[in-house]
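Undergrad: Provided herewith: protein-v1.csv, CSV, C-alpha atoms.
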```
chain,number,residue,atom,x,y,z
N,1,MET,CA,60.1,2.6,17.7
N,2,SER,CA,58.8,1.4,14.4
N,3,SER,CA,57.1,3.7,12.0
N,4,PRO,CA,53.6,3.0,10.7
N,5,SER,CA,53.5,1.2,7.3
N,6,THR,CA,52.4,3.1,4.3
N,7,SER,CA,49.5,1.9,2.0
N,8,ASN,CA,50.3,1.1,-1.7
N,9,THR,CA,46.6,0.8,-2.6
N,10,LYS,CA,46.1,2.2,-6.1
N,11,ALA,CA,42.7,3.8,-7.0
N,12,PHE,CA,40.9,3.3,-10.4
N,13,SER,CA,41.3,6.2,-12.7
N,14,LEU,CA,38.2,7.9,-14.3
N,15,VAL,CA,39.1,6.5,-17.7
N,16,GLU,CA,39.2,2.9,-16.3
N,17,LEU,CA,35.8,3.3,-14.6
N,18,LEU,CA,34.3,4.7,-17.8
N,19,THR,CA,35.7,1.8,-19.7
N,20,VAL,CA,34.2,-0.7,-17.3
N,21,VAL,CA,30.8,1.0,-17.5
N,22,ALA,CA,30.9,1.0,-21.3
N,23,ILE,CA,31.7,-2.7,-21.4
N,24,MET,CA,28.9,-3.5,-19.0
N,25,GLY,CA,26.5,-1.4,-21.2
N,26,LEU,CA,27.6,-3.4,-24.3
N,27,LEU,CA,27.0,-6.7,-22.5
N,28,MET,CA,23.6,-5.7,-21.3
N,29,THR,CA,22.6,-4.6,-24.8
N,30,ALA,CA,23.8,-8.0,-26.1
N,31,VAL,CA,21.9,-10.1,-23.6
N,32,ALA,CA,18.7,-8.0,-23.4
N,33,PRO,CA,17.0,-9.8,-26.3
N,34,ALA,CA,17.7,-13.1,-24.7
N,35,PHE,CA,16.0,-12.0,-21.5
N,36,ARG,CA,13.0,-10.7,-23.5
N,37,ASN,CA,12.7,-14.0,-25.3
N,38,ILE,CA,12.8,-15.9,-22.0
N,39,SER,CA,10.1,-13.7,-20.6
N,40,SER,CA,8.0,-14.1,-23.7
N,41,SER,CA,8.5,-17.8,-23.7
N,42,ASN,CA,7.4,-18.1,-20.1
N,43,SER,CA,4.3,-16.0,-20.7
N,44,LEU,CA,3.4,-18.2,-23.7
N,45,VAL,CA,3.7,-21.4,-21.6
N,46,ASN,CA,1.6,-19.7,-18.9
N,47,GLY,CA,-1.0,-18.8,-21.5
N,48,ALA,CA,-1.1,-22.4,-22.9
N,49,ASN,CA,-1.5,-23.7,-19.4
N,50,ILE,CA,-4.5,-21.4,-18.8
N,51,LEU,CA,-6.2,-22.5,-22.0
N,52,SER,CA,-5.4,-26.2,-21.6
N,53,GLY,CA,-6.6,-26.0,-18.0
N,54,LEU,CA,-10.0,-24.6,-19.1
N,55,MET,CA,-10.4,-27.2,-21.8
N,56,ASN,CA,-9.5,-30.0,-19.5
N,57,GLN,CA,-12.0,-28.7,-16.9
N,58,ALA,CA,-14.7,-28.5,-19.6
N,59,ARG,CA,-14.0,-32.0,-20.8
N,60,VAL,CA,-14.0,-33.5,-17.3
N,61,TYR,CA,-17.3,-31.7,-16.4
N,62,ALA,CA,-19.0,-32.9,-19.6
N,63,ILE,CA,-18.1,-36.5,-18.8
N,64,ALA,CA,-18.9,-36.3,-15.1
N,65,ASN,CA,-22.3,-34.6,-15.6
N,66,ASN,CA,-23.4,-36.3,-18.9
N,67,THR,CA,-23.8,-33.0,-20.7
N,68,GLN,CA,-22.1,-30.7,-23.2
N,69,THR,CA,-19.6,-28.0,-22.2
N,70,ALA,CA,-17.9,-25.3,-24.2
N,71,VAL,CA,-14.8,-23.2,-23.9
N,72,TYR,CA,-15.6,-19.7,-25.1
N,73,LEU,CA,-12.7,-17.6,-26.5
N,74,CYS,CA,-13.7,-13.9,-26.6
N,75,THR,CA,-13.3,-12.1,-30.0
N,76,ASP,CA,-15.2,-9.0,-29.0
N,77,TRP,CA,-16.2,-7.9,-25.5
N,78,PRO,CA,-18.6,-5.0,-25.1
N,79,GLY,CA,-16.7,-1.9,-23.8
N,80,ARG,CA,-13.4,-3.8,-23.6
N,81,PRO,CA,-12.0,-4.1,-27.1
N,82,ASP,CA,-8.5,-4.8,-25.7
N,83,ASP,CA,-9.7,-8.2,-24.3
N,84,ALA,CA,-10.2,-9.6,-27.8
N,85,SER,CA,-8.5,-13.0,-28.3
N,86,ARG,CA,-7.2,-13.2,-24.8
N,87,VAL,CA,-10.2,-13.9,-22.5
N,88,ALA,CA,-11.8,-17.3,-22.1
N,89,ALA,CA,-14.2,-19.2,-19.9
N,90,VAL,CA,-16.0,-22.6,-19.6
N,91,TRP,CA,-19.8,-22.8,-20.0
N,92,TYR,CA,-22.1,-25.8,-19.7
N,93,TRP,CA,-25.5,-26.9,-21.0
N,94,ASP,CA,-28.1,-26.9,-18.3
N,95,ALA,CA,-30.9,-29.3,-19.4
N,96,ASN,CA,-33.2,-28.2,-16.6
N,97,SER,CA,-33.4,-24.6,-17.9
N,98,ALA,CA,-32.4,-25.5,-21.5
N,99,ALA,CA,-29.8,-22.8,-21.5
N,100,TRP,CA,-26.0,-22.4,-21.5
N,101,LYS,CA,-24.6,-21.2,-18.1
N,102,ALA,CA,-21.2,-20.1,-17.0
N,103,LEU,CA,-19.1,-22.7,-15.1
N,104,THR,CA,-16.0,-20.6,-14.5
N,105,LYS,CA,-15.1,-17.0,-14.4
N,106,TRP,CA,-13.6,-15.3,-17.4
N,107,GLU,CA,-9.8,-15.8,-17.4
N,108,ARG,CA,-7.2,-13.6,-19.1
N,109,LEU,CA,-4.1,-14.7,-20.8
N,110,PRO,CA,-0.8,-13.2,-19.5
N,111,THR,CA,-0.2,-9.5,-20.5
N,112,GLY,CA,1.3,-9.4,-24.0
N,113,ILE,CA,-0.1,-12.9,-25.1
N,114,ILE,CA,-3.0,-13.4,-27.4
N,115,VAL,CA,-4.6,-16.1,-29.6
N,116,GLN,CA,-3.8,-15.5,-33.3
N,117,ASP,CA,-7.1,-14.4,-34.8
N,118,VAL,CA,-6.5,-15.8,-38.3
N,119,VAL,CA,-5.4,-19.2,-39.6
N,120,PRO,CA,-1.5,-19.1,-39.6
N,121,SER,CA,0.2,-18.5,-42.9
N,122,GLY,CA,1.0,-21.8,-44.6
N,123,SER,CA,-1.6,-23.7,-42.6
N,124,THR,CA,-4.9,-25.0,-44.0
N,125,SER,CA,-8.0,-26.3,-42.4
N,126,GLY,CA,-9.5,-29.5,-43.8
N,127,GLY,CA,-9.3,-33.3,-43.5
N,128,GLY,CA,-10.8,-33.1,-40.0
N,129,GLU,CA,-8.1,-30.8,-38.7
N,130,TYR,CA,-9.1,-27.2,-38.1
N,131,PHE,CA,-8.0,-24.0,-36.4
N,132,VAL,CA,-10.5,-22.8,-33.8
N,133,VAL,CA,-10.4,-19.3,-35.5
N,134,ASP,CA,-11.6,-20.8,-38.8
N,135,SER,CA,-15.2,-19.9,-38.0
N,136,ALA,CA,-16.2,-19.9,-41.7
N,137,ASN,CA,-15.8,-23.7,-41.8
N,138,LEU,CA,-16.6,-24.6,-38.2
N,139,ALA,CA,-19.5,-22.3,-37.7
N,140,ASN,CA,-18.3,-21.9,-34.1
N,141,SER,CA,-18.9,-18.2,-33.6
N,142,LYS,CA,-21.7,-17.1,-31.4
N,143,GLY,CA,-22.8,-14.4,-29.0
N,144,VAL,CA,-23.2,-14.9,-25.2
N,145,ALA,CA,-24.8,-12.6,-22.7
N,146,VAL,CA,-22.4,-10.9,-20.3
N,147,SER,CA,-22.4,-7.9,-18.1
N,148,GLY,CA,-22.7,-4.9,-20.3
N,149,GLY,CA,-24.1,-6.6,-23.4
N,150,THR,CA,-23.2,-9.5,-25.7
N,151,ALA,CA,-19.7,-10.9,-26.1
N,152,GLN,CA,-18.8,-12.5,-29.4
N,153,VAL,CA,-16.9,-15.8,-28.9
N,154,LEU,CA,-15.4,-18.7,-30.7
N,155,GLU,CA,-16.5,-22.1,-29.3
N,156,ILE,CA,-14.7,-25.3,-28.5
N,157,ARG,CA,-17.4,-27.8,-27.4
N,158,PHE,CA,-17.1,-31.1,-25.7
N,159,ASN,CA,-19.8,-33.8,-25.6
N,160,SER,CA,-20.7,-36.2,-22.7
N,161,LEU,CA,-18.0,-38.6,-24.0
N,162,GLY,CA,-15.3,-36.0,-23.7
N,163,ALA,CA,-14.9,-35.7,-27.5
N,164,ALA,CA,-14.3,-32.3,-29.1
N,165,ILE,CA,-17.2,-31.4,-31.4
N,166,VAL,CA,-18.5,-28.5,-33.6
N,167,ASP,CA,-21.9,-27.1,-34.1
N,168,SER,CA,-24.2,-29.6,-36.0
N,169,THR,CA,-24.9,-27.0,-38.6
N,170,ALA,CA,-21.3,-26.5,-39.5
N,171,PRO,CA,-20.1,-27.5,-43.0
N,172,ALA,CA,-17.3,-29.4,-41.3
N,173,ALA,CA,-19.8,-31.6,-39.5
N,174,ALA,CA,-19.8,-34.1,-42.3
N,175,THR,CA,-16.1,-34.7,-41.7
N,176,PRO,CA,-15.1,-36.5,-38.5
N,177,LEU,CA,-13.3,-33.9,-36.3
N,178,LYS,CA,-9.7,-35.0,-35.8
N,179,GLN,CA,-8.2,-32.0,-34.2
N,180,LEU,CA,-8.8,-28.4,-33.2
N,181,GLN,CA,-5.8,-26.1,-32.9
N,182,MET,CA,-5.1,-22.6,-31.5
N,183,ARG,CA,-1.9,-20.6,-31.8
N,184,LEU,CA,-0.7,-18.3,-29.0
N,185,ILE,CA,1.6,-15.5,-29.9
N,186,PRO,CA,3.2,-12.5,-28.3
N,187,GLY,CA,0.9,-9.6,-29.2
N,188,VAL,CA,-1.8,-7.1,-28.2
N,189,ALA,CA,-5.4,-6.4,-29.0
N,190,SER,CA,-5.5,-2.7,-29.7
N,191,GLY,CA,-9.0,-1.3,-30.3
N,192,GLY,CA,-10.2,-4.9,-31.0
N,193,THR,CA,-7.5,-5.4,-33.7
N,194,VAL,CA,-5.0,-8.1,-33.0
N,195,GLN,CA,-1.3,-7.1,-33.5
N,196,SER,CA,1.5,-9.5,-33.3
N,197,THR,CA,4.7,-8.4,-31.7
N,198,ALA,CA,7.0,-11.4,-32.3
N,199,LYS,CA,6.1,-13.7,-35.2
N,200,GLU,CA,8.9,-16.2,-34.6
N,201,ASN,CA,7.8,-17.2,-31.1
N,202,TRP,CA,4.6,-19.1,-30.5
N,203,ILE,CA,2.8,-22.1,-29.0
N,204,ASP,CA,0.2,-24.3,-30.7
N,205,VAL,CA,-2.5,-25.8,-28.5
N,206,PHE,CA,-4.0,-29.0,-29.9
N,207,THR,CA,-7.3,-30.6,-28.8
N,208,ASP,CA,-7.9,-34.1,-30.0
N,209,GLY,CA,-11.3,-34.5,-31.6
N,210,LEU,CA,-11.9,-38.1,-30.5
N,211,THR,CA,-10.7,-38.0,-26.9
N,212,GLY,CA,-10.7,-34.2,-26.2
N,213,ARG,CA,-7.3,-34.5,-24.7
N,214,VAL,CA,-5.1,-31.3,-24.9
N,215,ARG,CA,-1.4,-30.9,-25.7
N,216,PHE,CA,0.8,-28.1,-26.8
N,217,ALA,CA,4.0,-27.6,-28.8
N,218,GLN,CA,6.3,-24.6,-28.6
N,219,ARG,CA,8.5,-23.1,-31.2
```
Take the structure I supplied and represent it as structure tokens, if you would.
TA:
Amino acid sequence: MSSPSTSNTKAFSLVELLTVVAIMGLLMTAVAPAFRNISSSNSLVNGANILSGLMNQARVYAIANNTQTAVYLCTDWPGRPDDASRVAAVWYWDANSAAWKALTKWERLPTGIIVQDVVPSGSTSGGGEYFVVDSANLANSKGVAVSGGTAQVLEIRFNSLGAAIVDSTAPAAATPLKQLQMRLIPGVASGGTVQSTAKENWIDVFTDGLTGRVRFAQR
């Protein structure tokens, strides 16, 4: 009668287990920034898609209905200061009532993504190329009536030919508008003040002045 075989299985020691846990912890620490950058990059692309989608919708509506449209980027919302630089909507000019009316609902950029509220360092407006936030030269800042009061917005306007234009009273009106630009960055609007959280990661959204077509480039 044969005797049962004995097992030679060896268990891990506590020291070996702790070593493995420590190595895994070091690996997670090393790759965590990469995962954060991927997440931030995806959010930037989603934000650029939201803005370009609104601008394309505005352009198409202006051409189809022989009117003017505008994408409004909120810079100050009554009672909601954290929505600064991350909420936008399309409005259109209604000739029958001689008033601007909302075409779309207000849309928010992904959490943690905002439009930079100043002209980026090293960039200049001029020669027909402007940053949307350069309201001093574009005269594109205005107030619009919303629930709860008046929201302050920056305007990207399209005419019936689909071209991007600026207010006729703007100093830049004498110069043919070549391009409007916005920069999306990781950041938050705290108490109405925009704060960047990662300066080396951004997407620029470009609107062609002549055709109104939108493209974006990512760093």
Undergrad: Skip segment 164-166 of chain N itself and residues of its chain fewer than 5 positions away, then list as a PyMOL selection string all residues within 6 Å of it, counting all atoms listed in the file.
TA: chain N and resi 157-158+209+212
Undergrad: Let's have the selection written as a CSV table (one decimal), keeping the file's coordinate frame, with C-alpha atoms.
TA:
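What landed in out22.csv:
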```
chain,number,residue,atom,x,y,z
N,157,ARG,CA,-17.4,-27.8,-27.4
N,158,PHE,CA,-17.1,-31.1,-25.7
N,209,GLY,CA,-11.3,-34.5,-31.6
N,212,GLY,CA,-10.7,-34.2,-26.2
```
Undergrad: Which segment 91-125 of chain N residues have any atom within 12 Å of an atom of segment 136-151 of chain N, and for each, what is the nearest pair of atoms with distance in Å to one decimal, counting all atoms listed in the file, rows sorted by chain and number, as a tab-separated table?
TA:
```
residue	atom	partner	partner_atom	distance
N:Trp91	CA	N:Val144	CA	10.1
N:Ala99	CA	N:Val144	CA	10.9
N:Trp100	CA	N:Val144	CA	8.8
N:Lys101	CA	N:Val144	CA	9.6
N:Ala102	CA	N:Val146	CA	9.8
N:Lys105	CA	N:Val146	CA	11.2
N:Trp106	CA	N:Val146	CA	10.3
N:Val118	CA	N:Ala136	CA	11.1
N:Val119	CA	N:Ala136	CA	11.0
N:Thr124	CA	N:Asn137	CA	11.2
N:Ser125	CA	N:Asn137	CA	8.2
```
Undergrad: Determine the nearest neighbour of Asn65 of chain N from the options N:Leu161, N:Val132, N:Val90, N:Ala98, counting only C-alpha atoms.
TA: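 Checking each of N:Leu161, N:Val132, N:Val90, N:Ala98 against Asn65 of chain N, counting only C-alpha atoms, the winner is N:Leu161.
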Undergrad: From the options N:Ser135, N:Asn46, N:Gln116, N:Asn159, which residue's atoms come nearest to Tyr61 of chain N, counting only C-alpha atoms?
TA: N:Asn159
Undergrad: Any idea what's packed within 12 Å of Ala163 of chain N, counting all atoms listed in the file, ignoring anything in its chain fewer than 6 positions away? Could you give it as a list in words?
TA: Met55, Asn56, Ala58, Arg59, Val60, Ala62, Ile63, Thr67, Gln68, Thr69, Ala70, Ile156, Arg157, Pro176, Leu177, Lys178, Gln179, Leu180, Thr207, Asp208, Gly209, Leu210, Thr211, Gly212, Arg213 and Val214 of chain N
Undergrad: To one decimal in Å, tell me the separation between atom CA of Arg80 of chain N and atom CA of Ser196 of chain N.
TA: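 Calculated distance between atom CA of Arg80 of chain N and atom CA of Ser196 of chain N is 18.7 Å.
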